[in-house]
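Peer 1: Data: structure_39.cif, mmCIF, C-alpha atoms (C1' of nucleotides).
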data_target
#
loop_
_atom_site.label_atom_id
_atom_site.label_comp_id
_atom_site.auth_asym_id
_atom_site.auth_seq_id
_atom_site.Cartn_x
_atom_site.Cartn_y
_atom_site.Cartn_z
CA MET A 463 0.00 0.00 0.00
CA THR A 464 1.40 3.35 -0.99
CA HIS A 465 1.24 6.44 1.18
CA ALA A 466 -0.64 8.17 -1.63
CA GLU A 467 -3.72 6.00 -1.15
CA LEU A 468 -3.41 6.32 2.62
CA PHE A 469 -3.50 10.10 2.50
CA ARG A 470 -6.42 10.05 0.14
CA THR A 471 -8.31 7.55 2.27
CA LEU A 472 -7.72 9.38 5.54
CA ALA A 473 -8.55 12.76 4.07
CA ASP A 474 -12.26 12.22 4.63
CA PRO A 475 -13.35 13.13 8.18
CA THR A 476 -16.12 10.55 8.40
CA ARG A 477 -13.80 7.82 7.21
CA ARG A 478 -11.19 8.88 9.73
CA ALA A 479 -13.83 8.79 12.45
CA VAL A 480 -14.83 5.27 11.42
CA PHE A 481 -11.24 4.16 11.69
CA GLU A 482 -10.85 5.81 15.09
CA ARG A 483 -14.00 4.17 16.28
CA LEU A 484 -12.75 0.75 15.17
CA ALA A 485 -9.44 1.36 16.89
CA GLY A 486 -11.42 1.10 20.09
CA GLY A 487 -12.43 -2.47 19.31
CA GLU A 488 -14.13 -4.80 16.87
CA MET A 489 -17.58 -3.75 15.77
CA THR A 490 -20.34 -4.66 13.32
CA VAL A 491 -21.56 -2.36 10.59
CA SER A 492 -24.80 -1.82 12.47
CA ASP A 493 -22.90 -0.80 15.58
CA LEU A 494 -20.88 1.65 13.56
CA LYS A 495 -23.93 3.07 11.84
CA ALA A 496 -25.42 3.90 15.24
CA GLY A 497 -22.61 6.35 15.87
CA PHE A 498 -22.89 8.38 12.69
CA GLU A 499 -25.37 10.58 10.91
CA VAL A 500 -24.98 8.86 7.59
CA SER A 501 -26.76 5.92 6.01
CA GLN A 502 -25.69 2.30 6.23
CA PRO A 503 -24.49 2.20 2.61
CA ALA A 504 -22.28 5.19 3.31
CA ILE A 505 -20.69 3.31 6.19
CA SER A 506 -20.18 0.23 4.03
CA GLN A 507 -18.56 2.35 1.34
CA HIS A 508 -16.19 3.91 3.83
CA LEU A 509 -15.34 0.48 5.17
CA ALA A 510 -14.59 -0.74 1.66
CA ALA A 511 -12.27 2.20 1.13
CA LEU A 512 -10.52 1.65 4.46
CA ARG A 513 -10.18 -2.02 3.65
CA GLY A 514 -8.66 -1.22 0.27
CA ALA A 515 -6.12 0.97 1.99
CA GLY A 516 -5.22 -1.78 4.46
CA LEU A 517 -6.51 0.19 7.43
CA VAL A 518 -9.26 -2.23 8.36
CA GLU A 519 -10.04 -5.91 8.13
CA GLU A 520 -13.28 -7.83 8.40
CA ARG A 521 -14.47 -11.09 9.85
CA ARG A 522 -17.78 -12.51 8.65
CA GLN A 523 -19.94 -14.40 11.06
CA GLY A 524 -23.44 -15.30 10.03
CA ARG A 525 -25.07 -12.22 8.65
CA ASN A 526 -22.82 -9.92 10.61
CA ALA A 527 -19.59 -8.35 9.43
CA TYR A 528 -17.19 -7.56 12.24
CA TYR A 529 -14.62 -4.93 11.39
CA ARG A 530 -11.49 -4.02 13.28
CA ALA A 531 -8.72 -1.48 12.76
CA ARG A 532 -5.38 -2.53 11.35
CA PRO A 533 -2.96 -0.03 12.87
CA GLU A 534 -0.03 -1.52 10.96
CA GLY A 535 -1.73 -0.10 7.91
CA LEU A 536 -0.54 3.31 9.07
CA ALA A 537 3.11 2.33 8.69
CA PRO A 538 3.65 3.84 5.21
CA LEU A 539 2.13 7.06 6.47
CA THR A 540 4.45 7.10 9.47
CA ASP A 541 7.42 6.41 7.24
CA TRP A 542 6.51 9.30 4.97
CA VAL A 543 6.04 11.71 7.84
CA GLU A 544 9.29 10.74 9.51
CA ARG A 545 11.22 11.64 6.41
CA TYR A 546 10.09 15.24 6.74
CA ARG A 547 9.16 15.95 10.31
CA GLY A 548 12.59 17.31 11.22
CA PHE A 549 11.80 18.03 14.83
CA TRP A 550 12.90 14.82 16.48
CA PRO A 551 15.36 16.62 18.76
CA GLU A 552 12.55 18.44 20.56
CA ARG A 553 10.95 15.16 21.50
CA ILE A 554 13.94 13.07 22.39
CA GLU A 555 13.82 13.91 26.07
CA ALA A 556 10.16 13.07 26.42
CA LEU A 557 10.80 9.88 24.51
CA LYS A 558 13.62 8.91 26.85
CA ASP A 559 11.25 9.18 29.79
CA VAL A 560 8.73 6.98 28.08
CA LEU A 561 11.30 4.31 27.36
CA LYS A 562 12.72 4.52 30.85
CA GLY A 563 9.27 3.85 32.20
CA MET A 564 8.90 0.80 30.00
CA ASP A 565 11.97 -0.85 31.48
CA GLN A 566 10.36 -1.11 34.89
CA MET B 550 -3.81 23.75 12.96
CA THR B 551 -5.97 20.69 13.21
CA HIS B 552 -5.04 17.30 11.80
CA ALA B 553 -8.20 17.46 9.69
CA GLU B 554 -6.84 20.26 7.54
CA LEU B 555 -3.46 18.56 7.38
CA PHE B 556 -4.93 15.36 6.00
CA ARG B 557 -6.98 17.28 3.48
CA THR B 558 -4.01 19.36 2.40
CA LEU B 559 -1.64 16.43 2.03
CA ALA B 560 -4.19 14.30 0.20
CA ASP B 561 -3.29 15.89 -3.13
CA PRO B 562 -0.25 14.28 -4.77
CA THR B 563 0.96 17.44 -6.48
CA ARG B 564 0.74 19.38 -3.26
CA ARG B 565 2.63 16.66 -1.42
CA ALA B 566 5.29 16.75 -4.11
CA VAL B 567 5.62 20.52 -3.73
CA PHE B 568 6.11 20.12 -0.01
CA GLU B 569 8.69 17.37 -0.54
CA ARG B 570 10.52 19.52 -3.01
CA LEU B 571 10.63 22.43 -0.56
CA ALA B 572 11.89 20.12 2.16
CA GLY B 573 15.05 19.95 0.09
CA GLY B 574 15.63 23.67 0.47
CA GLU B 575 14.24 27.15 -0.08
CA MET B 576 12.97 27.87 -3.56
CA THR B 577 11.11 30.47 -5.58
CA VAL B 578 7.77 29.85 -7.26
CA SER B 579 9.47 29.90 -10.65
CA ASP B 580 11.96 27.27 -9.54
CA LEU B 581 9.12 25.11 -8.31
CA LYS B 582 7.13 25.56 -11.48
CA ALA B 583 10.05 24.21 -13.49
CA GLY B 584 9.68 20.84 -11.79
CA PHE B 585 5.99 20.30 -12.45
CA GLU B 586 3.64 19.88 -15.38
CA VAL B 587 1.11 22.37 -14.07
CA SER B 588 0.72 26.11 -14.56
CA GLN B 589 2.18 28.79 -12.32
CA PRO B 590 -1.22 29.69 -10.81
CA ALA B 591 -1.69 26.05 -9.88
CA ILE B 592 1.62 26.14 -8.01
CA SER B 593 0.66 29.37 -6.27
CA GLN B 594 -2.66 27.86 -5.23
CA HIS B 595 -0.96 24.80 -3.81
CA LEU B 596 1.48 27.01 -1.94
CA ALA B 597 -1.39 29.01 -0.49
CA ALA B 598 -3.02 25.80 0.70
CA LEU B 599 0.23 24.51 2.21
CA ARG B 600 0.75 27.87 3.88
CA GLY B 601 -2.76 27.79 5.31
CA ALA B 602 -2.02 24.38 6.76
CA GLY B 603 1.21 25.59 8.33
CA LEU B 604 3.35 23.33 6.17
CA VAL B 605 5.18 26.10 4.37
CA GLU B 606 6.30 29.66 4.94
CA GLU B 607 7.37 32.39 2.56
CA ARG B 608 9.90 35.16 2.45
CA ARG B 609 9.40 38.00 -0.03
CA GLN B 610 12.40 39.62 -1.59
CA GLY B 611 11.85 42.03 -4.41
CA ARG B 612 9.56 40.40 -6.89
CA ASN B 613 10.52 36.91 -5.78
CA ALA B 614 8.76 34.76 -3.22
CA TYR B 615 11.01 32.25 -1.52
CA TYR B 616 9.18 29.32 0.02
CA ARG B 617 10.50 26.74 2.46
CA ALA B 618 9.01 23.73 4.20
CA ARG B 619 7.92 23.93 7.81
CA PRO B 620 8.36 20.37 9.06
CA GLU B 621 6.98 21.28 12.49
CA GLY B 622 3.71 21.71 10.67
CA LEU B 623 3.52 17.93 10.50
CA ALA B 624 3.32 17.64 14.29
CA PRO B 625 -0.48 17.33 14.56
CA LEU B 626 -0.37 14.63 11.91
CA THR B 627 2.31 12.74 13.81
CA ASP B 628 0.33 13.06 17.00
CA TRP B 629 -2.76 11.65 15.35
CA VAL B 630 -0.92 8.74 13.82
CA GLU B 631 0.85 7.86 17.05
CA ARG B 632 -2.45 7.47 18.80
CA TYR B 633 -3.42 4.66 16.45
CA ARG B 634 -0.33 3.08 15.01
CA GLY B 635 -0.21 0.40 17.70
CA PHE B 636 3.09 -1.10 16.68
CA TRP B 637 5.41 0.87 18.89
CA PRO B 638 6.73 -2.23 20.62
CA GLU B 639 8.34 -3.45 17.42
CA ARG B 640 10.32 -0.25 17.16
CA ILE B 641 11.23 0.37 20.78
CA GLU B 642 14.48 -1.53 20.63
CA ALA B 643 15.68 0.25 17.53
CA LEU B 644 14.68 3.51 19.14
CA LYS B 645 16.64 2.73 22.28
CA ASP B 646 19.75 2.22 20.19
CA VAL B 647 19.23 5.54 18.49
CA LEU B 648 18.86 7.36 21.79
CA LYS B 649 21.83 5.57 23.29
CA GLY B 650 23.92 6.78 20.40
CA MET B 651 22.78 10.35 20.99
CA ASP B 652 24.09 10.32 24.53
CA GLN B 653 27.64 9.95 23.34
"C1'" DG C 1218 -40.23 -21.76 3.38
"C1'" DA C 1219 -41.73 -17.02 4.11
"C1'" DT C 1220 -40.18 -12.99 6.42
"C1'" DA C 1221 -36.94 -10.23 8.56
"C1'" DA C 1222 -32.32 -8.69 9.38
"C1'" DT C 1223 -27.60 -7.56 7.92
"C1'" DC C 1224 -24.66 -5.97 4.77
"C1'" DA C 1225 -22.96 -4.94 -0.11
"C1'" DT C 1226 -23.57 -3.03 -4.62
"C1'" DA C 1227 -25.72 0.03 -8.25
"C1'" DA C 1228 -27.17 4.30 -10.05
"C1'" DG C 1229 -27.62 8.98 -9.84
"C1'" DC C 1230 -26.98 13.51 -7.75
"C1'" DA C 1231 -24.60 17.43 -5.85
"C1'" DC C 1232 -20.78 19.55 -4.08
"C1'" DA C 1233 -15.74 20.13 -3.47
"C1'" DG C 1234 -11.61 20.97 -5.29
"C1'" DG C 1235 -7.86 21.20 -8.68
"C1'" DC C 1236 -6.91 22.91 -13.17
"C1'" DT C 1237 -6.83 26.44 -16.86
"C1'" DT C 1238 -6.98 31.11 -18.89
"C1'" DA C 1239 -7.31 35.85 -17.95
"C1'" DT C 1240 -6.16 39.62 -15.28
"C1'" DG C 1241 -4.28 42.32 -11.33
"C1'" DT C 1242 -0.26 44.01 -8.48
"C1'" DA C 1243 4.44 44.85 -7.45
"C1'" DT C 1244 9.09 45.18 -8.65
"C1'" DT C 1245 13.02 45.50 -11.76
"C1'" DG C 1246 15.49 47.15 -15.83
"C1'" DG C 1247 16.27 49.82 -19.95
"C1'" DC D 340 8.12 56.00 -17.78
"C1'" DC D 341 7.46 51.79 -20.21
"C1'" DA D 342 8.15 47.07 -20.80
"C1'" DA D 343 9.11 42.83 -18.74
"C1'" DT D 344 9.30 39.68 -14.91
"C1'" DA D 345 7.40 37.33 -10.80
"C1'" DC D 346 3.70 36.16 -8.40
"C1'" DA D 347 -1.27 36.25 -6.71
"C1'" DT D 348 -6.17 36.34 -7.45
"C1'" DA D 349 -10.61 35.65 -10.12
"C1'" DA D 350 -13.77 33.09 -12.76
"C1'" DG D 351 -15.20 29.08 -14.85
"C1'" DC D 352 -14.83 24.28 -16.13
"C1'" DC D 353 -14.57 19.52 -15.23
"C1'" DT D 354 -13.58 15.44 -12.76
"C1'" DG D 355 -13.68 12.90 -8.49
"C1'" DT D 356 -16.11 11.47 -4.74
"C1'" DG D 357 -19.24 11.16 -0.84
"C1'" DC D 358 -24.03 10.98 -0.18
"C1'" DT D 359 -28.72 9.19 -1.01
"C1'" DT D 360 -32.37 5.78 -2.43
"C1'" DA D 361 -33.17 1.43 -4.42
"C1'" DT D 362 -32.12 -3.17 -4.79
"C1'" DG D 363 -29.49 -7.58 -4.41
"C1'" DA D 364 -27.47 -11.45 -1.78
"C1'" DT D 365 -27.01 -14.11 2.54
"C1'" DT D 366 -28.26 -15.69 6.76
"C1'" DA D 367 -31.15 -16.06 10.88
"C1'" DT D 368 -35.98 -16.51 12.79
"C1'" DC D 369 -40.68 -18.01 13.16
#
Translate the structure described by the file into structure tokens.

Peer 2:
Amino acid sequence: MTHAELFRTLADPTRRAVFERLAGGEMTVSDLKAGFEVSQPAISQHLAALRGAGLVEERRQGRNAYYRARPEGLAPLTDWVERYRGFWPERIEALKDVLKGMDQ
Amino acid sequence: MTHAELFRTLADPTRRAVFERLAGGEMTVSDLKAGFEVSQPAISQHLAALRGAGLVEERRQGRNAYYRARPEGLAPLTDWVERYRGFWPERIEALKDVLKGMDQ
DNA sequence: GATAATCATAAGCACAGGCTTATGTATTGG
DNA sequence: CCAATACATAAGCCTGTGCTTATGATTATC
């Protein structure tokens, strides 16, 4: 998956919200629909787009479709950003603290 | 600057390319134009969008406009991604090595 | 087995946004 | 000054895309 498709996919606010929602845990399309002001087909279309971008995966069970986020799908985006962020130094100290905490 | 506008701004491939080009160093609009297949107004419009998103800043000198990338502008995007990437553990060790090297 | 429920796909519409040409505004040079 | 250069803005077009309603395809329920 190229970062181009990732940017394009995540550019839509509703689609981003769907992804964020799924990051909180697996969910059916109906469950998702309950949280948004758009129709069920709209949700399904967003899910198809997210799936195409590798940001989401599904699990069918009976007549339900359970979707969950695929955070690894964000990797190409992270890679792209890291090439240009150029402000690592400012965050190194904070990062050190985080890592120090993880050792204990 | 919200991550929403950042995603929207970076969704366009040409605009991303302009930003990447400017990350290589300061440049005038004419210089930029030379590298793309689009018209000068198109470049100016992209620059205005990038500027609005905090990804670029300009410096006027005579009749030239020198633009340069503002990598810090990517911060909100990084913050958003880090909330969902979920694969930090895989990179912690590599990160530790990097930080260890910086201490010396 | 008919009906209902869940989800996907199709078709069509309406708006957003990126492009072009045309023009405006400074600035430089002859 | 007048022309040319560098850039920005305006207006309009055209494609992409996100939405809706309608319908199709499965699976559960009675």

Peer 1: Could you give me, as a Markdown table, every chain A residue with an atom at most 12 Å from chain C, plus its closest atom pair and distance in Å to one decimal, counting only C-alpha atoms (C1' of nucleotides), rows ordered by chain then number?

Peer 2:
| residue | atom | partner | partner_atom | distance |
| --- | --- | --- | --- | --- |
| A:Asp474 | CA | C:DA1233 | C1' | 11.8 |
| A:Thr490 | CA | C:DT1223 | C1' | 9.5 |
| A:Val491 | CA | C:DC1224 | C1' | 7.5 |
| A:Ser492 | CA | C:DT1223 | C1' | 7.8 |
| A:Asp493 | CA | C:DT1223 | C1' | 11.2 |
| A:Lys495 | CA | C:DC1224 | C1' | 11.5 |
| A:Gln502 | CA | C:DC1224 | C1' | 8.5 |
| A:Pro503 | CA | C:DA1225 | C1' | 7.8 |
| A:Ala504 | CA | C:DA1225 | C1' | 10.7 |
| A:Ile505 | CA | C:DC1224 | C1' | 10.2 |
| A:Ser506 | CA | C:DA1225 | C1' | 7.2 |
| A:Gln507 | CA | C:DA1225 | C1' | 8.6 |
| A:His508 | CA | C:DA1225 | C1' | 11.8 |
| A:Leu509 | CA | C:DA1225 | C1' | 10.7 |
| A:Ala510 | CA | C:DA1225 | C1' | 9.5 |
| A:Arg522 | CA | C:DC1224 | C1' | 10.3 |
| A:Gln523 | CA | C:DT1223 | C1' | 10.7 |
| A:Gly524 | CA | C:DT1223 | C1' | 9.0 |
| A:Arg525 | CA | C:DT1223 | C1' | 5.4 |
| A:Asn526 | CA | C:DT1223 | C1' | 6.0 |
| A:Ala527 | CA | C:DC1224 | C1' | 7.3 |
| A:Tyr528 | CA | C:DC1224 | C1' | 10.7 |

Peer 1: Do me a favour and pick out the residues of chain D within 10 Å of chain B, using all atoms listed in the file, as a PDB file with C-alpha atoms (C1' of nucleotides), in the frame of the given file.

Peer 2:
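Written out: iface.pdb:
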ATOM      1  C1'  DT D 344       9.300  39.680 -14.910  1.00  0.00           C
ATOM      2  C1'  DA D 345       7.400  37.330 -10.800  1.00  0.00           C
ATOM      3  C1'  DC D 346       3.700  36.160  -8.400  1.00  0.00           C
ATOM      4  C1'  DA D 347      -1.270  36.250  -6.710  1.00  0.00           C
ATOM      5  C1'  DT D 348      -6.170  36.340  -7.450  1.00  0.00           C
TER       6       DT D 348
END

Peer 1: Of the candidates A:Leu536, A:Leu472, A:Glu544, A:Arg530, which shows the shortest atom-to-atom distance to Leu494 of chain A, using all atoms listed in the file?

Peer 2: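 The shortest atom-to-atom distance to Leu494 of chain A comes from A:Arg530.
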
Peer 1: So how many Å separate atom CA of Tyr633 of chain B and atom CA of Arg619 of chain B, to one decimal?

Peer 2: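 One can read the atom CA of Tyr633 of chain B to atom CA of Arg619 of chain B distance as 24.0 Å.
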
Peer 1: Could you give me, as CSV, a per-residue list for chain A showing, wherever an atom lies at most 6 Å from an atom of chain B, the closest pair of atoms and their distance in Å to one decimal, using all atoms listed in the file and sorting by chain then residue number from low to high?

Peer 2:
residue,atom,partner,partner_atom,distance
A:Phe469,CA,B:Ala560,CA,4.8
A:Arg470,CA,B:Ala560,CA,4.8
A:Ala473,CA,B:Arg557,CA,4.8
A:Pro533,CA,B:Arg634,CA,4.6
A:Leu536,CA,B:Arg634,CA,5.9
A:Tyr546,CA,B:Pro620,CA,5.9
A:Arg547,CA,B:Pro620,CA,4.7
A:Gly548,CA,B:Pro620,CA,5.6

Peer 1: What separation in Å, quoted to one decimal, exists between atom CA of Leu484 of chain A and atom CA of Arg513 of chain A?

Peer 2: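 Atom-to-atom, atom CA of Leu484 of chain A to atom CA of Arg513 of chain A, that is 12.1 Å.
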
Peer 1: To one decimal place, how far is atom CA of Glu606 of chain B from atom CA of Arg570 of chain B in Å?

Peer 2: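 Between these atoms lies a distance of 13.6 Å.
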
Peer 1: Fit chain B to chain A, all Cα atoms paired in order, least squares. Then write it as a short mmCIF file (atom, residue, chain, number, x, y, z; two decimals) with C-alpha atoms, in the coordinates of the input.

Peer 2:
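File written: part_29.cif
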data_model
loop_
_atom_site.label_atom_id
_atom_site.label_comp_id
_atom_site.auth_asym_id
_atom_site.auth_seq_id
_atom_site.Cartn_x
_atom_site.Cartn_y
_atom_site.Cartn_z
CA MET B 550 0.18 -0.10 0.57
CA THR B 551 1.59 3.22 -0.47
CA HIS B 552 1.33 6.39 1.59
CA ALA B 553 -0.47 7.99 -1.36
CA GLU B 554 -3.52 5.80 -0.91
CA LEU B 555 -3.36 6.27 2.85
CA PHE B 556 -3.48 10.04 2.57
CA ARG B 557 -6.33 9.86 0.11
CA THR B 558 -8.27 7.43 2.27
CA LEU B 559 -7.81 9.37 5.49
CA ALA B 560 -8.63 12.70 3.86
CA ASP B 561 -12.36 12.14 4.33
CA PRO B 562 -13.59 13.13 7.79
CA THR B 563 -16.34 10.53 7.96
CA ARG B 564 -13.95 7.79 6.98
CA ARG B 565 -11.45 8.96 9.59
CA ALA B 566 -14.21 8.93 12.18
CA VAL B 567 -15.14 5.37 11.23
CA PHE B 568 -11.54 4.30 11.67
CA GLU B 569 -11.32 6.07 15.03
CA ARG B 570 -14.49 4.42 16.15
CA LEU B 571 -13.17 0.98 15.19
CA ALA B 572 -9.94 1.69 17.03
CA GLY B 573 -12.06 1.52 20.15
CA GLY B 574 -12.99 -2.08 19.45
CA GLU B 575 -14.57 -4.52 17.02
CA MET B 576 -17.98 -3.56 15.73
CA THR B 577 -20.61 -4.57 13.20
CA VAL B 578 -21.73 -2.37 10.33
CA SER B 579 -25.06 -1.81 12.06
CA ASP B 580 -23.33 -0.68 15.22
CA LEU B 581 -21.24 1.73 13.21
CA LYS B 582 -24.21 3.06 11.31
CA ALA B 583 -25.87 3.99 14.60
CA GLY B 584 -23.12 6.51 15.29
CA PHE B 585 -23.28 8.40 12.02
CA GLU B 586 -25.72 10.53 10.06
CA VAL B 587 -25.13 8.70 6.80
CA SER B 588 -26.81 5.69 5.22
CA GLN B 589 -25.71 2.09 5.62
CA PRO B 590 -24.34 1.89 2.05
CA ALA B 591 -22.21 4.94 2.77
CA ILE B 592 -20.73 3.15 5.78
CA SER B 593 -20.11 0.02 3.74
CA GLN B 594 -18.37 2.08 1.06
CA HIS B 595 -16.15 3.75 3.61
CA LEU B 596 -15.31 0.37 5.11
CA ALA B 597 -14.40 -0.96 1.68
CA ALA B 598 -12.09 2.00 1.15
CA LEU B 599 -10.48 1.57 4.58
CA ARG B 600 -10.07 -2.13 3.89
CA GLY B 601 -8.44 -1.41 0.55
CA ALA B 602 -5.99 0.87 2.31
CA GLY B 603 -5.17 -1.78 4.89
CA LEU B 604 -6.60 0.26 7.75
CA VAL B 605 -9.36 -2.17 8.63
CA GLU B 606 -10.09 -5.87 8.49
CA GLU B 607 -13.32 -7.82 8.70
CA ARG B 608 -14.54 -11.05 10.18
CA ARG B 609 -17.78 -12.55 8.87
CA GLN B 610 -20.01 -14.42 11.23
CA GLY B 611 -23.42 -15.42 10.04
CA ARG B 612 -25.04 -12.39 8.52
CA ASN B 613 -22.90 -10.00 10.53
CA ALA B 614 -19.65 -8.40 9.47
CA TYR B 615 -17.38 -7.49 12.35
CA TYR B 616 -14.82 -4.83 11.53
CA ARG B 617 -11.76 -3.81 13.52
CA ALA B 618 -9.01 -1.26 13.04
CA ARG B 619 -5.60 -2.31 11.79
CA PRO B 620 -3.27 0.27 13.33
CA GLU B 621 -0.25 -1.25 11.58
CA GLY B 622 -1.86 0.04 8.43
CA LEU B 623 -0.74 3.50 9.51
CA ALA B 624 2.93 2.54 9.26
CA PRO B 625 3.57 3.95 5.76
CA LEU B 626 1.98 7.20 6.87
CA THR B 627 4.19 7.35 9.94
CA ASP B 628 7.23 6.63 7.83
CA TRP B 629 6.38 9.43 5.45
CA VAL B 630 5.78 11.93 8.21
CA GLU B 631 8.97 11.03 10.04
CA ARG B 632 11.00 11.85 6.98
CA TYR B 633 9.80 15.45 7.09
CA ARG B 634 8.74 16.33 10.59
CA GLY B 635 12.15 17.74 11.47
CA PHE B 636 11.45 18.35 15.12
CA TRP B 637 12.69 15.10 16.57
CA PRO B 638 15.25 16.83 18.76
CA GLU B 639 12.53 18.47 20.82
CA ARG B 640 11.07 15.09 21.64
CA ILE B 641 14.20 13.02 22.14
CA GLU B 642 14.45 13.70 25.84
CA ALA B 643 10.85 12.79 26.51
CA LEU B 644 11.35 9.69 24.43
CA LYS B 645 14.41 8.67 26.40
CA ASP B 646 12.39 8.83 29.59
CA VAL B 647 9.72 6.64 28.08
CA LEU B 648 12.24 4.03 26.99
CA LYS B 649 14.03 4.14 30.32
CA GLY B 650 10.75 3.38 32.01
CA MET B 651 10.20 0.39 29.73
CA ASP B 652 13.44 -1.21 30.83
CA GLN B 653 12.18 -1.63 34.35
#

Peer 1: What would segment 526-545 of chain A look like with N, CA and C atoms restored, written as an mmCIF file, in the frame of the given file?

Peer 2:
data_model
loop_
_atom_site.group_PDB
_atom_site.id
_atom_site.type_symbol
_atom_site.label_atom_id
_atom_site.label_comp_id
_atom_site.auth_asym_id
_atom_site.auth_seq_id
_atom_site.Cartn_x
_atom_site.Cartn_y
_atom_site.Cartn_z
ATOM 1 N N ASN A 526 -23.526 -11.092 10.080
ATOM 2 C CA ASN A 526 -22.820 -9.920 10.610
ATOM 3 C C ASN A 526 -21.418 -9.825 10.020
ATOM 4 N N ALA A 527 -20.966 -8.593 9.876
ATOM 5 C CA ALA A 527 -19.590 -8.350 9.430
ATOM 6 C C ALA A 527 -18.882 -7.572 10.534
ATOM 7 N N TYR A 528 -17.941 -8.211 11.167
ATOM 8 C CA TYR A 528 -17.190 -7.560 12.240
ATOM 9 C C TYR A 528 -15.942 -6.926 11.651
ATOM 10 N N TYR A 529 -15.793 -5.649 11.880
ATOM 11 C CA TYR A 529 -14.620 -4.930 11.390
ATOM 12 C C TYR A 529 -13.730 -4.536 12.565
ATOM 13 N N ARG A 530 -12.439 -4.515 12.280
ATOM 14 C CA ARG A 530 -11.490 -4.020 13.280
ATOM 15 C C ARG A 530 -10.380 -3.241 12.582
ATOM 16 N N ALA A 531 -9.798 -2.304 13.311
ATOM 17 C CA ALA A 531 -8.720 -1.480 12.760
ATOM 18 C C ALA A 531 -7.459 -2.299 12.574
ATOM 19 N N ARG A 532 -6.680 -1.887 11.612
ATOM 20 C CA ARG A 532 -5.380 -2.530 11.350
ATOM 21 C C ARG A 532 -4.310 -1.445 11.420
ATOM 22 N N PRO A 533 -3.864 -1.161 12.652
ATOM 23 C CA PRO A 533 -2.960 -0.030 12.870
ATOM 24 C C PRO A 533 -1.682 -0.132 12.052
ATOM 25 N N GLU A 534 -1.240 -1.363 11.767
ATOM 26 C CA GLU A 534 -0.030 -1.520 10.960
ATOM 27 C C GLU A 534 -0.205 -0.866 9.598
ATOM 28 N N GLY A 535 -1.458 -0.731 9.200
ATOM 29 C CA GLY A 535 -1.730 -0.100 7.910
ATOM 30 C C GLY A 535 -1.260 1.341 7.845
ATOM 31 N N LEU A 536 -0.995 1.917 9.030
ATOM 32 C CA LEU A 536 -0.540 3.310 9.070
ATOM 33 C C LEU A 536 0.960 3.438 8.842
ATOM 34 N N ALA A 537 1.642 2.305 8.775
ATOM 35 C CA ALA A 537 3.110 2.330 8.690
ATOM 36 C C ALA A 537 3.633 3.195 7.533
ATOM 37 N N PRO A 538 3.125 3.026 6.310
ATOM 38 C CA PRO A 538 3.650 3.840 5.210
ATOM 39 C C PRO A 538 3.475 5.330 5.464
ATOM 40 N N LEU A 539 2.371 5.663 6.141
ATOM 41 C CA LEU A 539 2.130 7.060 6.470
ATOM 42 C C LEU A 539 3.184 7.558 7.461
ATOM 43 N N THR A 540 3.432 6.753 8.479
ATOM 44 C CA THR A 540 4.450 7.100 9.470
ATOM 45 C C THR A 540 5.810 7.264 8.800
ATOM 46 N N ASP A 541 6.127 6.338 7.926
ATOM 47 C CA ASP A 541 7.420 6.410 7.240
ATOM 48 C C ASP A 541 7.540 7.711 6.457
ATOM 49 N N TRP A 542 6.475 8.065 5.760
ATOM 50 C CA TRP A 542 6.510 9.300 4.970
ATOM 51 C C TRP A 542 6.732 10.496 5.888
ATOM 52 N N VAL A 543 5.957 10.568 6.936
ATOM 53 C CA VAL A 543 6.040 11.710 7.840
ATOM 54 C C VAL A 543 7.430 11.825 8.448
ATOM 55 N N GLU A 544 7.990 10.702 8.845
ATOM 56 C CA GLU A 544 9.290 10.740 9.510
ATOM 57 C C GLU A 544 10.403 11.246 8.610
ATOM 58 N N ARG A 545 10.195 11.125 7.327
ATOM 59 C CA ARG A 545 11.220 11.640 6.410
ATOM 60 C C ARG A 545 11.261 13.155 6.434
#
